[in-house]
file run_16.txt (compact mmCIF, C-alpha atoms)
# COMPACT_ATOMS: atom_id res chain seq x y z
CA MET A 991 -32.50 48.67 71.99
CA LEU A 992 -34.78 51.57 71.14
CA ASP A 993 -38.06 50.49 69.62
CA GLU A 994 -39.70 52.59 66.93
CA GLU A 995 -41.83 54.59 69.35
CA ALA A 996 -38.92 55.40 71.66
CA ALA A 997 -36.83 56.50 68.68
CA ARG A 998 -39.70 58.62 67.37
CA ILE A 999 -39.90 60.57 70.63
CA LEU A 1000 -36.12 60.99 70.85
CA ARG A 1001 -36.05 62.22 67.24
CA SER A 1002 -38.79 64.78 67.97
CA LYS A 1003 -38.08 68.30 69.18
CA SER A 1004 -38.68 67.32 72.82
CA PHE A 1005 -35.79 67.88 75.14
CA ALA A 1006 -34.43 64.90 77.00
CA HIS A 1007 -33.62 65.22 80.70
CA LEU A 1008 -30.26 63.53 81.12
CA ALA A 1009 -29.39 62.12 84.54
CA LEU A 1010 -25.92 61.12 85.67
CA ASP A 1011 -24.03 60.48 88.84
CA ASP A 1012 -21.97 63.42 90.08
CA GLU A 1013 -19.75 61.99 92.83
CA GLY A 1014 -22.55 60.11 94.57
CA SER A 1015 -25.41 62.53 93.93
CA PRO A 1016 -27.72 62.55 90.94
CA HIS A 1017 -27.58 65.42 88.49
CA VAL A 1018 -30.16 66.04 85.77
CA SER A 1019 -30.48 68.69 83.08
CA PRO A 1020 -32.41 69.20 79.86
CA VAL A 1021 -30.45 68.46 76.69
CA TRP A 1022 -30.90 68.31 72.98
CA VAL A 1023 -30.91 64.71 71.89
CA ASP A 1024 -30.99 62.58 68.77
CA VAL A 1025 -30.66 58.96 67.69
CA ASP A 1026 -27.93 57.88 65.30
CA ASP A 1027 -28.03 55.26 62.54
CA HIS A 1028 -26.86 52.59 65.00
CA GLY A 1029 -29.65 53.28 67.51
CA LEU A 1030 -27.33 55.07 69.92
CA VAL A 1031 -28.58 58.16 71.75
CA VAL A 1032 -26.58 61.27 70.82
CA VAL A 1033 -25.99 64.22 73.11
CA ASN A 1034 -23.45 67.00 72.83
CA THR A 1035 -22.05 69.30 75.47
CA ALA A 1036 -19.10 71.61 76.07
CA GLU A 1037 -15.91 70.54 77.82
CA GLY A 1038 -15.88 71.73 81.41
CA ARG A 1039 -19.58 71.27 82.16
CA VAL A 1040 -20.83 68.67 84.64
CA LYS A 1041 -21.91 66.36 81.81
CA SER A 1042 -18.53 66.41 80.15
CA ARG A 1043 -16.64 66.09 83.44
CA ARG A 1044 -18.70 63.20 84.79
CA LEU A 1045 -19.31 61.15 81.68
CA ALA A 1046 -16.65 58.72 80.51
CA VAL A 1047 -16.96 55.55 78.48
CA GLY A 1048 -18.83 53.11 80.72
CA SER A 1049 -20.62 55.71 82.85
CA PRO A 1050 -24.23 54.79 83.59
CA VAL A 1051 -26.81 57.39 82.55
CA ALA A 1052 -30.56 57.73 82.26
CA LEU A 1053 -32.80 60.01 80.31
CA SER A 1054 -36.47 60.73 79.94
CA ALA A 1055 -38.27 62.64 77.21
CA ALA A 1056 -41.94 63.36 76.71
CA ASP A 1057 -43.83 63.00 73.47
CA PRO A 1058 -44.24 66.59 72.21
CA GLU A 1059 -47.90 65.80 71.51
CA ASN A 1060 -48.69 64.35 74.94
CA PRO A 1061 -46.73 64.95 78.16
CA TYR A 1062 -48.23 61.80 79.70
CA HIS A 1063 -46.57 59.67 77.04
CA TYR A 1064 -42.84 59.47 77.47
CA VAL A 1065 -39.76 57.41 76.91
CA GLY A 1066 -37.31 56.49 79.65
CA VAL A 1067 -33.88 55.10 78.80
CA ARG A 1068 -31.18 53.67 81.03
CA GLY A 1069 -27.85 52.87 79.50
CA ARG A 1070 -24.15 53.55 79.35
CA VAL A 1071 -21.79 55.91 77.59
CA VAL A 1072 -20.09 53.98 74.80
CA LYS A 1073 -18.25 56.83 73.14
CA ARG A 1074 -17.05 60.29 74.13
CA THR A 1075 -15.30 62.27 71.45
CA ASN A 1076 -14.42 65.77 70.33
CA GLU A 1077 -14.05 64.56 66.75
CA GLY A 1078 -16.89 65.87 64.62
CA ALA A 1079 -18.55 67.36 67.71
CA ASP A 1080 -18.98 70.78 66.10
CA ALA A 1081 -20.86 69.20 63.22
CA VAL A 1082 -23.04 67.27 65.68
CA ILE A 1083 -24.07 70.40 67.61
CA ASP A 1084 -24.84 72.11 64.30
CA ARG A 1085 -27.11 69.19 63.33
CA LEU A 1086 -28.83 69.38 66.73
CA ALA A 1087 -29.29 73.14 66.28
CA ASN A 1088 -30.85 72.41 62.93
CA LYS A 1089 -33.22 69.87 64.46
CA TYR A 1090 -34.29 72.07 67.39
CA LEU A 1091 -33.95 75.59 66.01
CA GLY A 1092 -34.09 75.13 62.25
CA VAL A 1093 -30.76 76.89 61.77
CA ASP A 1094 -27.61 75.70 60.00
CA SER A 1095 -25.12 76.57 62.68
CA TYR A 1096 -25.30 76.37 66.49
CA PRO A 1097 -25.88 79.98 67.55
CA TYR A 1098 -24.77 79.79 71.19
CA ARG A 1099 -21.13 78.82 70.67
CA GLN A 1100 -18.85 80.57 73.17
CA PRO A 1101 -15.31 81.75 72.39
CA GLY A 1102 -12.87 78.94 73.14
CA GLU A 1103 -15.62 76.40 73.68
CA ARG A 1104 -14.71 72.83 72.81
CA ARG A 1105 -17.66 70.58 72.05
CA VAL A 1106 -17.87 66.91 72.93
CA THR A 1107 -20.27 64.28 71.62
CA ILE A 1108 -21.48 61.58 73.96
CA LEU A 1109 -23.02 58.39 72.59
CA ILE A 1110 -25.23 56.34 74.87
CA GLU A 1111 -26.14 52.71 74.34
CA PRO A 1112 -29.66 52.06 75.63
CA GLU A 1113 -29.84 49.03 77.92
CA ARG A 1114 -33.36 49.41 79.25
CA VAL A 1115 -36.09 51.33 77.47
CA PHE A 1116 -39.58 52.08 78.77
CA VAL A 1117 -42.35 53.76 76.82
CA ASN A 1118 -45.26 54.77 79.05
CA MET B 1242 -33.51 77.64 98.89
CA LEU B 1243 -35.81 78.13 95.95
CA ASP B 1244 -35.88 81.67 94.67
CA GLU B 1245 -39.08 83.16 93.31
CA GLU B 1246 -38.38 82.22 89.71
CA ALA B 1247 -37.51 78.60 90.56
CA ALA B 1248 -40.68 78.30 92.63
CA ARG B 1249 -42.74 79.83 89.83
CA ILE B 1250 -41.59 77.18 87.37
CA LEU B 1251 -42.10 74.35 89.87
CA ARG B 1252 -45.60 75.66 90.61
CA SER B 1253 -46.46 75.77 86.90
CA LYS B 1254 -47.95 72.82 85.03
CA SER B 1255 -44.55 71.72 83.75
CA PHE B 1256 -43.50 68.24 84.71
CA ALA B 1257 -40.29 67.85 86.65
CA HIS B 1258 -37.85 65.11 85.68
CA LEU B 1259 -36.79 63.52 88.94
CA ALA B 1260 -33.40 61.80 89.06
CA LEU B 1261 -32.28 59.40 91.77
CA ASP B 1262 -29.69 56.75 92.33
CA ASP B 1263 -30.93 53.19 91.78
CA GLU B 1264 -28.18 50.96 93.16
CA GLY B 1265 -25.36 52.81 91.46
CA SER B 1266 -27.11 53.81 88.25
CA PRO B 1267 -29.10 56.96 87.64
CA HIS B 1268 -32.84 56.73 87.09
CA VAL B 1269 -34.99 59.62 85.86
CA SER B 1270 -38.70 59.94 85.19
CA PRO B 1271 -41.23 62.73 84.70
CA VAL B 1272 -43.30 63.56 87.76
CA TRP B 1273 -45.93 65.98 88.94
CA VAL B 1274 -44.35 68.43 91.31
CA ASP B 1275 -45.26 71.29 93.60
CA VAL B 1276 -43.70 73.53 96.25
CA ASP B 1277 -45.07 73.59 99.78
CA ASP B 1278 -45.37 76.52 102.19
CA HIS B 1279 -41.92 75.77 103.62
CA GLY B 1280 -40.20 75.87 100.21
CA LEU B 1281 -39.85 72.10 100.01
CA VAL B 1282 -40.39 70.33 96.70
CA VAL B 1283 -43.34 67.94 96.83
CA VAL B 1284 -43.65 64.78 94.77
CA ASN B 1285 -45.97 61.82 95.24
CA THR B 1286 -45.68 58.27 94.02
CA ALA B 1287 -47.07 54.81 94.72
CA GLU B 1288 -45.40 52.30 97.02
CA GLY B 1289 -43.53 49.68 95.01
CA ARG B 1290 -42.26 51.95 92.25
CA VAL B 1291 -38.57 52.74 91.80
CA LYS B 1292 -39.04 56.20 93.32
CA SER B 1293 -40.66 54.86 96.47
CA ARG B 1294 -38.19 51.96 96.79
CA ARG B 1295 -35.07 54.06 96.34
CA LEU B 1296 -35.97 57.23 98.18
CA ALA B 1297 -35.53 57.37 101.93
CA VAL B 1298 -34.92 60.32 104.22
CA GLY B 1299 -31.45 61.57 103.32
CA SER B 1300 -31.38 60.24 99.75
CA PRO B 1301 -29.83 62.70 97.30
CA VAL B 1302 -32.04 63.62 94.35
CA ALA B 1303 -32.07 66.07 91.47
CA LEU B 1304 -34.79 67.44 89.29
CA SER B 1305 -35.14 69.70 86.30
CA ALA B 1306 -38.24 71.41 84.96
CA ALA B 1307 -38.69 73.74 82.02
CA ASP B 1308 -40.66 76.95 82.04
CA PRO B 1309 -43.91 76.08 80.22
CA GLU B 1310 -43.51 79.28 78.18
CA ASN B 1311 -39.91 78.67 77.12
CA PRO B 1312 -38.13 75.29 77.03
CA TYR B 1313 -34.75 77.06 77.07
CA HIS B 1314 -35.51 78.52 80.48
CA TYR B 1315 -35.46 75.91 83.20
CA VAL B 1316 -34.84 75.25 86.84
CA GLY B 1317 -32.47 72.58 88.13
CA VAL B 1318 -32.55 71.51 91.75
CA ARG B 1319 -30.26 69.23 93.72
CA GLY B 1320 -31.22 68.30 97.22
CA ARG B 1321 -32.17 65.59 99.65
CA VAL B 1322 -35.29 63.80 100.77
CA VAL B 1323 -36.28 65.21 104.16
CA LYS B 1324 -39.59 63.42 104.60
CA ARG B 1325 -41.28 60.32 103.20
CA THR B 1326 -44.77 59.65 104.44
CA ASN B 1327 -48.01 57.87 103.61
CA GLU B 1328 -49.91 60.21 105.88
CA GLY B 1329 -52.03 62.60 103.86
CA ALA B 1330 -50.55 61.23 100.64
CA ASP B 1331 -53.95 60.63 99.03
CA ALA B 1332 -54.85 64.27 99.61
CA VAL B 1333 -51.51 65.35 98.11
CA ILE B 1334 -52.03 63.38 94.90
CA ASP B 1335 -55.54 64.83 94.64
CA ARG B 1336 -54.10 68.34 94.92
CA LEU B 1337 -51.50 67.52 92.25
CA ALA B 1338 -54.27 66.14 90.01
CA ASN B 1339 -56.11 69.40 90.54
CA LYS B 1340 -53.04 71.40 89.59
CA TYR B 1341 -52.18 69.39 86.47
CA LEU B 1342 -55.57 68.12 85.31
CA GLY B 1343 -58.04 70.52 86.88
CA VAL B 1344 -59.94 67.67 88.55
CA ASP B 1345 -60.81 67.18 92.23
CA SER B 1346 -59.67 63.61 92.59
CA TYR B 1347 -56.67 61.74 91.14
CA PRO B 1348 -58.22 59.69 88.31
CA TYR B 1349 -55.50 57.05 87.86
CA ARG B 1350 -55.63 55.44 91.30
CA GLN B 1351 -55.14 51.66 91.09
CA PRO B 1352 -56.87 49.14 93.35
CA GLY B 1353 -54.75 48.54 96.45
CA GLU B 1354 -52.36 51.37 95.57
CA ARG B 1355 -50.77 53.08 98.57
CA ARG B 1356 -49.53 56.59 97.89
CA VAL B 1357 -46.44 58.15 99.41
CA THR B 1358 -45.42 61.78 99.58
CA ILE B 1359 -41.77 62.69 99.25
CA LEU B 1360 -40.52 66.09 100.39
CA ILE B 1361 -37.23 67.35 99.00
CA GLU B 1362 -35.14 70.10 100.52
CA PRO B 1363 -33.36 72.05 97.76
CA GLU B 1364 -29.64 72.46 98.43
CA ARG B 1365 -28.51 73.85 95.10
CA VAL B 1366 -30.81 75.63 92.67
CA PHE B 1367 -29.97 76.83 89.18
CA VAL B 1368 -32.22 78.87 86.94
CA ASN B 1369 -30.93 79.05 83.37

call {"tool": "encode", "arguments": {"input": "run_16.txt", "output": "structure tokens"}}
result
Amino acid sequence: MLDEEAARILRSKSFAHLALDDEGSPHVSPVWVDVDDHGLVVVNTAEGRVKSRRLAVGSPVALSAADPENPYHYVGVRGRVVKRTNEGADAVIDRLANKYLGVDSYPYRQPGERRVTILIEPERVFVN
Amino acid sequence: MLDEEAARILRSKSFAHLALDDEGSPHVSPVWVDVDDHGLVVVNTAEGRVKSRRLAVGSPVALSAADPENPYHYVGVRGRVVKRTNEGADAVIDRLANKYLGVDSYPYRQPGERRVTILIEPERVFVN
């Protein structure tokens, strides 16, 4: 479970660095992130990218994100994907664009791009 | 191989987020990072931590680091550990402390702590 401080950092404008297993090797990339009303970590990507190809329900993931006020204060999360869905994924990326860019609609949408939302249940949370 | 732009970001004061495999699950944490004269990525940790326990010569790793001037511009590296050594590791953490904190000596050393330097050979490098 995310405590209040972990949720505060993940709700800030800091990027999370999301790590996953890509056929036996780690992969990590910066992502927009948020926390939903159930305490799940929300990320959103496009079908076809490594994140969407490698993350299924049950996949283990990890992420770290620094406090925007202090890079030496950060949250680390290890958990699992509990949901992967295209439903509502365009609205989710618009909300993330609003959080990070202050705009109403995600400005980097590519023609033909299909968005996917990935929900992560935190299993271990560290705030350092 | 790191190109000039990737090396520039990794030589900046940005933290890297270092991902590794911890017994089948990804682990990621922010680390100080540098690039040595041979183009290897340098990190340094303390014996006993997840990074030192899970990283041996040959271990696959990944890291991502944002340009300090622009969080949407970042470098991603995937590679392998090519060296893991205690030799000179105190001097390496002092140099990293100088890079990140502007001090001559690493100020967070714990009693009895044994430092270890981990050198990573980049195999795939993305600058986005």

call {"tool": "residues_around", "arguments": {"input": "run_16.txt", "residues": "Glu1364 of chain B", "least_positions_apart": "5", "cutoff": "7 Å", "atoms": "only C-alpha atoms", "output": "NGL selection string"}}
result
:B and (1242 or 1319-1320)

call {"tool": "write_last_selection", "arguments": {"input": "run_16.txt", "atoms": "C-alpha atoms", "output": "short mmCIF file (atom, residue, chain, number, x, y, z; two decimals), in the frame of the given file"}}
result
data_model
loop_
_atom_site.label_atom_id
_atom_site.label_comp_id
_atom_site.auth_asym_id
_atom_site.auth_seq_id
_atom_site.Cartn_x
_atom_site.Cartn_y
_atom_site.Cartn_z
CA MET B 1242 -33.51 77.64 98.89
CA ARG B 1319 -30.26 69.23 93.72
CA GLY B 1320 -31.22 68.30 97.22
#

call {"tool": "residues_around", "arguments": {"input": "run_16.txt", "residues": "Ala1332 of chain B", "least_positions_apart": "5", "cutoff": "10 Å", "atoms": "all atoms listed in the file", "output": "list of chain:residue names"}}
result
B:Leu1337, B:Ala1338, B:Asp1345, B:Ser1346, B:Tyr1347, B:Arg1356, B:Thr1358

call {"tool": "interface_residues", "arguments": {"input": "run_16.txt", "of": "chain B", "to": "chain A", "cutoff": "10 Å", "atoms": "all atoms listed in the file", "output": "mmCIF file with C-alpha atoms, in the coordinates of the input"}}
result
data_model
loop_
_atom_site.group_PDB
_atom_site.id
_atom_site.type_symbol
_atom_site.label_atom_id
_atom_site.label_comp_id
_atom_site.auth_asym_id
_atom_site.auth_seq_id
_atom_site.Cartn_x
_atom_site.Cartn_y
_atom_site.Cartn_z
ATOM 1 C CA SER B 1255 -44.550 71.720 83.750
ATOM 2 C CA PHE B 1256 -43.500 68.240 84.710
ATOM 3 C CA ALA B 1257 -40.290 67.850 86.650
ATOM 4 C CA HIS B 1258 -37.850 65.110 85.680
ATOM 5 C CA LEU B 1259 -36.790 63.520 88.940
ATOM 6 C CA ALA B 1260 -33.400 61.800 89.060
ATOM 7 C CA LEU B 1261 -32.280 59.400 91.770
ATOM 8 C CA ASP B 1262 -29.690 56.750 92.330
ATOM 9 C CA ASP B 1263 -30.930 53.190 91.780
ATOM 10 C CA GLY B 1265 -25.360 52.810 91.460
ATOM 11 C CA SER B 1266 -27.110 53.810 88.250
ATOM 12 C CA PRO B 1267 -29.100 56.960 87.640
ATOM 13 C CA HIS B 1268 -32.840 56.730 87.090
ATOM 14 C CA VAL B 1269 -34.990 59.620 85.860
ATOM 15 C CA SER B 1270 -38.700 59.940 85.190
ATOM 16 C CA PRO B 1271 -41.230 62.730 84.700
ATOM 17 C CA VAL B 1272 -43.300 63.560 87.760
ATOM 18 C CA SER B 1300 -31.380 60.240 99.750
ATOM 19 C CA PRO B 1301 -29.830 62.700 97.300
ATOM 20 C CA VAL B 1302 -32.040 63.620 94.350
ATOM 21 C CA ALA B 1303 -32.070 66.070 91.470
ATOM 22 C CA LEU B 1304 -34.790 67.440 89.290
ATOM 23 C CA SER B 1305 -35.140 69.700 86.300
ATOM 24 C CA ALA B 1306 -38.240 71.410 84.960
ATOM 25 C CA ALA B 1307 -38.690 73.740 82.020
ATOM 26 C CA PRO B 1312 -38.130 75.290 77.030
ATOM 27 C CA TYR B 1313 -34.750 77.060 77.070
ATOM 28 C CA HIS B 1314 -35.510 78.520 80.480
ATOM 29 C CA TYR B 1315 -35.460 75.910 83.200
ATOM 30 C CA VAL B 1316 -34.840 75.250 86.840
ATOM 31 C CA GLY B 1317 -32.470 72.580 88.130
ATOM 32 C CA VAL B 1318 -32.550 71.510 91.750
ATOM 33 C CA ARG B 1319 -30.260 69.230 93.720
ATOM 34 C CA GLY B 1320 -31.220 68.300 97.220
ATOM 35 C CA ARG B 1321 -32.170 65.590 99.650
#

call {"tool": "atom_distance", "arguments": {"input": "run_16.txt", "atom1": "atom CA of Leu1281 of chain B", "atom2": "atom CA of Pro1363 of chain B"}}
result
6.9 Å

call {"tool": "atom_distance", "arguments": {"input": "run_16.txt", "atom1": "atom CA of Val1284 of chain B", "atom2": "atom CA of Arg1355 of chain B"}}
result
14.2 Å

call {"tool": "residues_near_point", "arguments": {"input": "run_16.txt", "point": "(-37.0, 80.8, 95.8)", "cutoff": "10 Å", "atoms": "only C-alpha atoms", "output": "list in words"}}
result
Met1242, Leu1243, Asp1244, Glu1245, Glu1246, Ala1247, Ala1248, Arg1249, Val1276, Gly1280, Pro1363 and Val1366 of chain B

call {"tool": "write_last_selection", "arguments": {"input": "run_16.txt", "atoms": "C-alpha atoms", "output": "tab-separated table (two decimals), in the coordinates of the input"}}
result
chain	number	residue	atom	x	y	z
B	1242	MET	CA	-33.51	77.64	98.89
B	1243	LEU	CA	-35.81	78.13	95.95
B	1244	ASP	CA	-35.88	81.67	94.67
B	1245	GLU	CA	-39.08	83.16	93.31
B	1246	GLU	CA	-38.38	82.22	89.71
B	1247	ALA	CA	-37.51	78.60	90.56
B	1248	ALA	CA	-40.68	78.30	92.63
B	1249	ARG	CA	-42.74	79.83	89.83
B	1276	VAL	CA	-43.70	73.53	96.25
B	1280	GLY	CA	-40.20	75.87	100.21
B	1363	PRO	CA	-33.36	72.05	97.76
B	1366	VAL	CA	-30.81	75.63	92.67

call {"tool": "atom_distance", "arguments": {"input": "run_16.txt", "atom1": "atom CA of Val1023 of chain A", "atom2": "atom CA of Lys1041 of chain A"}}
result
13.5 Å

call {"tool": "residues_around", "arguments": {"input": "run_16.txt", "residues": "Ile1108 of chain A", "least_positions_apart": "2", "cutoff": "7 Å", "atoms": "all atoms listed in the file", "output": "list in words"}}
result
Val1032, Val1033, Asn1034, Val1071, Lys1073, Arg1074, Thr1075, Val1106 and Ile1110 of chain A

call {"tool": "write_last_selection", "arguments": {"input": "run_16.txt", "atoms": "C-alpha atoms", "output": "CSV table (one decimal), in the frame of the given file"}}
result
chain,number,residue,atom,x,y,z
A,1032,VAL,CA,-26.6,61.3,70.8
A,1033,VAL,CA,-26.0,64.2,73.1
A,1034,ASN,CA,-23.4,67.0,72.8
A,1071,VAL,CA,-21.8,55.9,77.6
A,1073,LYS,CA,-18.2,56.8,73.1
A,1074,ARG,CA,-17.0,60.3,74.1
A,1075,THR,CA,-15.3,62.3,71.4
A,1106,VAL,CA,-17.9,66.9,72.9
A,1110,ILE,CA,-25.2,56.3,74.9

call {"tool": "closest_residue", "arguments": {"input": "run_16.txt", "among": "A:Gly1038, A:Pro1101, A:Gly1048, A:Pro1058", "to": "Ile999 of chain A", "atoms": "only C-alpha atoms"}}
result
A:Pro1058

call {"tool": "closest_residue", "arguments": {"input": "run_16.txt", "among": "A:Leu1000, A:Leu1109, A:Leu1091, A:Val1117", "to": "Ala1079 of chain A", "atoms": "all atoms listed in the file"}}
result
A:Leu1109

call {"tool": "decode", "arguments": {"input": "run_16.txt", "residues": "segment 1063-1073 of chain A", "atoms": "all heavy atoms", "output": "PDB file, in the first residue's frame"}}
result
ATOM      1  N   HIS A1063      15.272  12.578  -1.922  1.00  0.00           N
ATOM      2  CA  HIS A1063      14.088  12.009  -1.278  1.00  0.00           C
ATOM      3  C   HIS A1063      13.266  11.361  -2.391  1.00  0.00           C
ATOM      4  O   HIS A1063      12.871  12.035  -3.340  1.00  0.00           O
ATOM      5  CB  HIS A1063      13.299  13.151  -0.616  1.00  0.00           C
ATOM      6  CG  HIS A1063      12.090  12.710   0.127  1.00  0.00           C
ATOM      7  ND1 HIS A1063      12.120  11.766   1.122  1.00  0.00           N
ATOM      8  CD2 HIS A1063      10.798  13.102   0.031  1.00  0.00           C
ATOM      9  CE1 HIS A1063      10.902  11.592   1.596  1.00  0.00           C
ATOM     10  NE2 HIS A1063      10.080  12.389   0.949  1.00  0.00           N
ATOM     11  N   TYR A1064      13.055  10.082  -2.296  1.00  0.00           N
ATOM     12  CA  TYR A1064      12.363   9.428  -3.408  1.00  0.00           C
ATOM     13  C   TYR A1064      11.515   8.271  -2.917  1.00  0.00           C
ATOM     14  O   TYR A1064      11.680   7.782  -1.799  1.00  0.00           O
ATOM     15  CB  TYR A1064      13.372   8.938  -4.460  1.00  0.00           C
ATOM     16  CG  TYR A1064      14.162   7.716  -4.036  1.00  0.00           C
ATOM     17  CD1 TYR A1064      13.752   6.425  -4.406  1.00  0.00           C
ATOM     18  CD2 TYR A1064      15.300   7.838  -3.267  1.00  0.00           C
ATOM     19  CE1 TYR A1064      14.462   5.310  -4.009  1.00  0.00           C
ATOM     20  CE2 TYR A1064      16.020   6.725  -2.863  1.00  0.00           C
ATOM     21  CZ  TYR A1064      15.594   5.465  -3.237  1.00  0.00           C
ATOM     22  OH  TYR A1064      16.295   4.359  -2.835  1.00  0.00           O
ATOM     23  N   VAL A1065      10.619   7.875  -3.782  1.00  0.00           N
ATOM     24  CA  VAL A1065       9.796   6.702  -3.504  1.00  0.00           C
ATOM     25  C   VAL A1065      10.183   5.583  -4.474  1.00  0.00           C
ATOM     26  O   VAL A1065      10.421   5.822  -5.667  1.00  0.00           O
ATOM     27  CB  VAL A1065       8.291   7.033  -3.600  1.00  0.00           C
ATOM     28  CG1 VAL A1065       7.909   7.601  -4.955  1.00  0.00           C
ATOM     29  CG2 VAL A1065       7.431   5.799  -3.323  1.00  0.00           C
ATOM     30  N   GLY A1066      10.277   4.394  -3.938  1.00  0.00           N
ATOM     31  CA  GLY A1066      10.488   3.200  -4.751  1.00  0.00           C
ATOM     32  C   GLY A1066       9.308   2.261  -4.533  1.00  0.00           C
ATOM     33  O   GLY A1066       8.848   2.081  -3.401  1.00  0.00           O
ATOM     34  N   VAL A1067       8.795   1.707  -5.606  1.00  0.00           N
ATOM     35  CA  VAL A1067       7.640   0.811  -5.524  1.00  0.00           C
ATOM     36  C   VAL A1067       7.977  -0.469  -6.273  1.00  0.00           C
ATOM     37  O   VAL A1067       8.558  -0.426  -7.362  1.00  0.00           O
ATOM     38  CB  VAL A1067       6.379   1.455  -6.165  1.00  0.00           C
ATOM     39  CG1 VAL A1067       5.215   0.470  -6.218  1.00  0.00           C
ATOM     40  CG2 VAL A1067       5.983   2.724  -5.421  1.00  0.00           C
ATOM     41  N   ARG A1068       7.641  -1.593  -5.694  1.00  0.00           N
ATOM     42  CA  ARG A1068       7.673  -2.861  -6.435  1.00  0.00           C
ATOM     43  C   ARG A1068       6.269  -3.447  -6.366  1.00  0.00           C
ATOM     44  O   ARG A1068       5.619  -3.409  -5.315  1.00  0.00           O
ATOM     45  CB  ARG A1068       8.707  -3.808  -5.820  1.00  0.00           C
ATOM     46  CG  ARG A1068      10.101  -3.190  -5.880  1.00  0.00           C
ATOM     47  CD  ARG A1068      11.150  -4.023  -5.225  1.00  0.00           C
ATOM     48  NE  ARG A1068      11.410  -5.225  -6.023  1.00  0.00           N
ATOM     49  CZ  ARG A1068      12.446  -6.039  -5.771  1.00  0.00           C
ATOM     50  NH1 ARG A1068      13.270  -5.789  -4.759  1.00  0.00           N
ATOM     51  NH2 ARG A1068      12.653  -7.102  -6.513  1.00  0.00           N
ATOM     52  N   GLY A1069       5.805  -3.945  -7.487  1.00  0.00           N
ATOM     53  CA  GLY A1069       4.448  -4.465  -7.481  1.00  0.00           C
ATOM     54  C   GLY A1069       4.152  -5.247  -8.740  1.00  0.00           C
ATOM     55  O   GLY A1069       5.070  -5.718  -9.422  1.00  0.00           O
ATOM     56  N   ARG A1070       2.876  -5.400  -9.012  1.00  0.00           N
ATOM     57  CA  ARG A1070       2.448  -6.185 -10.164  1.00  0.00           C
ATOM     58  C   ARG A1070       1.363  -5.470 -10.947  1.00  0.00           C
ATOM     59  O   ARG A1070       0.575  -4.723 -10.373  1.00  0.00           O
ATOM     60  CB  ARG A1070       1.860  -7.536  -9.696  1.00  0.00           C
ATOM     61  CG  ARG A1070       2.913  -8.546  -9.479  1.00  0.00           C
ATOM     62  CD  ARG A1070       2.444  -9.881  -8.978  1.00  0.00           C
ATOM     63  NE  ARG A1070       3.610 -10.557  -8.447  1.00  0.00           N
ATOM     64  CZ  ARG A1070       4.528 -11.195  -9.197  1.00  0.00           C
ATOM     65  NH1 ARG A1070       4.360 -11.305 -10.503  1.00  0.00           N
ATOM     66  NH2 ARG A1070       5.585 -11.742  -8.634  1.00  0.00           N
ATOM     67  N   VAL A1071       1.323  -5.750 -12.232  1.00  0.00           N
ATOM     68  CA  VAL A1071       0.237  -5.241 -13.066  1.00  0.00           C
ATOM     69  C   VAL A1071      -1.046  -5.980 -12.681  1.00  0.00           C
ATOM     70  O   VAL A1071      -1.066  -7.214 -12.647  1.00  0.00           O
ATOM     71  CB  VAL A1071       0.553  -5.464 -14.564  1.00  0.00           C
ATOM     72  CG1 VAL A1071      -0.639  -5.057 -15.428  1.00  0.00           C
ATOM     73  CG2 VAL A1071       1.808  -4.699 -14.957  1.00  0.00           C
ATOM     74  N   VAL A1072      -2.082  -5.212 -12.357  1.00  0.00           N
ATOM     75  CA  VAL A1072      -3.362  -5.840 -12.023  1.00  0.00           C
ATOM     76  C   VAL A1072      -4.427  -5.568 -13.082  1.00  0.00           C
ATOM     77  O   VAL A1072      -5.475  -6.217 -13.091  1.00  0.00           O
ATOM     78  CB  VAL A1072      -3.881  -5.411 -10.627  1.00  0.00           C
ATOM     79  CG1 VAL A1072      -2.991  -6.000  -9.529  1.00  0.00           C
ATOM     80  CG2 VAL A1072      -3.981  -3.903 -10.496  1.00  0.00           C
ATOM     81  N   LYS A1073      -4.163  -4.604 -13.952  1.00  0.00           N
ATOM     82  CA  LYS A1073      -5.108  -4.354 -15.036  1.00  0.00           C
ATOM     83  C   LYS A1073      -4.367  -3.744 -16.215  1.00  0.00           C
ATOM     84  O   LYS A1073      -3.428  -2.964 -16.027  1.00  0.00           O
ATOM     85  CB  LYS A1073      -6.223  -3.416 -14.569  1.00  0.00           C
ATOM     86  CG  LYS A1073      -7.390  -3.327 -15.549  1.00  0.00           C
ATOM     87  CD  LYS A1073      -8.602  -2.639 -14.941  1.00  0.00           C
ATOM     88  CE  LYS A1073      -9.756  -2.644 -15.927  1.00  0.00           C
ATOM     89  NZ  LYS A1073     -10.946  -1.953 -15.376  1.00  0.00           N
TER      90      LYS A1073
END
